[in-house]
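**Q** Here you go, one structure.
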There are 4 protein chains.
Amino acid sequence: MSDLSEIKDRLRVFARERDWDQFHSPKNLSMAIACEAGELLELFQWLSESDSRGIMKDANEANRIRQEMADILIYLIRLADILDIELEDAVIQKIDLNAVKYPVATSKGTARKYTELDNA
Amino acid sequence: MSDLSEIKDRLRVFARERDWDQFHSPKNLSMAIACEAGELLELFQWLSESDSRGIMKDANEANRIRQEMADILIYLIRLADILDIELEDAVIQKIDLNAVKYPVATSKGTARKYTELDNA
Amino acid sequence: MSDLSEIKDRLRVFARERDWDQFHSPKNLSMAIACEAGELLELFQWLSESDSRGIMKDANEANRIRQEMADILIYLIRLADILDIELEDAVIQKIDLNAVKYPVATSKGTARKYTELDNA
Amino acid sequence: MSDLSEIKDRLRVFARERDWDQFHSPKNLSMAIACEAGELLELFQWLSESDSRGIMKDANEANRIRQEMADILIYLIRLADILDIELEDAVIQKIDLNAVKYPVATSKGTARKYTELDNA
């Protein structure tokens with residue numbers, strides 16, 4: 001398994017070779033992430049939740065999902081590189097924040113609470 | 001630096017403790033990723049590309065961006081776990097595909113080409 | 001009921017009074033539409049499809065949904081105005097195209113077909 | 001020009017003929033709106049703001065933009081129908097709220113203020 005910093009380096013070279021740094025402003029990369037997230041969403045939009053749990057059984061759909069998820073992560077790593085953000089550190093800190101925001105005692109099995117807190 | 005599989009395990013425990021697996025259908029997680037991508041987008045929507053390059057100078061904005069990016073990656077890792085996808089492998093393979101799709105010779109410095117190929 | 005051209009005029013005055021035309025580039029407005037679509041999505045992300053059908057019973061949620069949908073339409077009308085697009089005409093033409101793309105005979109009750117055709 | 005209620009009726013018939021009401025839960029329609037917003041975004045992602053202002057000069061791009069905007073409005077009207085929301089009324093009320101939220105005196109020409117208030 002490669003770690004993210006190795007991928008970051010490959011993406012940096014990839015962009016430089018093609019002279020694409022000029023297009024990779026943080027604004028544009030935030031758009032690219034949202035576009036790819038929209039393409040992932042598209043694969044699930046008409047499926048029931050239950051059918052969505054079995055989506056990987058279809059090899060064609062499985063392949064598309066892997067690719068859309070890869071695209072999101074690619075642009076996320078690229079944006080983190082340009083903004084000098086350590087993605088894994090940011091995630092660990094966010095999980096710690098969420099542990100405080102959603103204590104086990106009050107959050108257990110509650111979609112309703114979840115939604116409300118999420119919007120707080 | 002933690003690697004993604006360590007984070008995956010933490011998120012799995014986090015969801016299990018709160019009995020949230022029931023809400024984490026692939027369909028719902030694809031929505032969560034798109035929601036968080038929308039929140040990241042919001043931070044850039046009225047900025048010029050040039051101003052977006054300097055956004056980390058504002059500590060408050062920098063903190064929000066780190067958190068929104070973390071949220072996207074959290075849901076991405078969670079979805080990958082549930083669908084049994086190796087995110088880093090998927091990314092490496094996608095970069096290899098992109099290298100074929102966008103040869104240096106024809107892609108260099110061309111936003112127009114980029115966009116068209118992207119939609120192909 | 002106001003028609004869209006009346007709303008278009010109000011939004012045009014609103015932007016002009018605040019000197020916001022400078023921010024309302026088509027690129028930025030496409031971002032604003034996606035941001036508002038993300039906020040609408042957020043209200044539904046953890047609900048079952050069945051619960052989503054009853055969401056208007058909660059006065060608070062009903063109000064938020066009305067406002068998010070209004071925001072999307074506001075930016076859509078604004079973008080159409082700036083690009084000189086007649087939204088209603090575009091919709092009528094798209095419905096005619098869809099009638100050809102999804103004939104009743106082959107599209108009836110088929111989510112699978114629907115999804116595949118949608119991505120064609 | 002057709003008004004929205006005429007379009008609403010056409011879309012209702014369209015869905016009924018194809019037995020698609022079963023797929024048109026509010027949750028799924030909120031996803032469809034976000035997907036189409038993502039496709040619109042895609043057309044602008046690598047363009048400068050300045051180039052985005054001239055996008056209608058390219059007949060092919062102009063056609064795609066009209067179609068993506070039409071798709072967003074189609075699903076918005078469909079969702080409003082199912083939730084029994086009067087879209088135009090919702091828009092008028094939201095504009096009135098915005099007039100209070102963004103007074104001319106303090107909002108004039110200020111992207112920064114705009115963004116902050118927007119997130120308040």
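Every chain in the structure tokens takes a letter, A first, then B, and so on in the order presented; its residues are numbered from 1, and the ligands are numbered from 1 following the presented order.
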Using only C-alpha atoms, which chain A residues lie at most 8 Å away from chain B, written as a PyMOL selection string?
**A** chain A and resi 1-4+7+11+14+17-20+23+25-28+30-31+33-34+37-38+40-41+44-45+47-50+52-53+56+66-67+69-71+73-74+76+83+85+87-92+94-95+99+104+107-111
**Q** Could you tell me, as a VMD selection string, which residues of stretch 37-116 of chain D DSSP assigns to alpha helix (DSSP H) when given the backbone?
**A** chain D and resid 37 to 44 49 to 52 59 to 83 87 to 101 104 to 107 111 to 116
**Q** For atom CA of C:Asp9 and atom CA of D:Lys101, quote the distance in Å rounded to one decimal.
**A**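 Pair atom CA of C:Asp9 / atom CA of D:Lys101 returns 19.5 Å.
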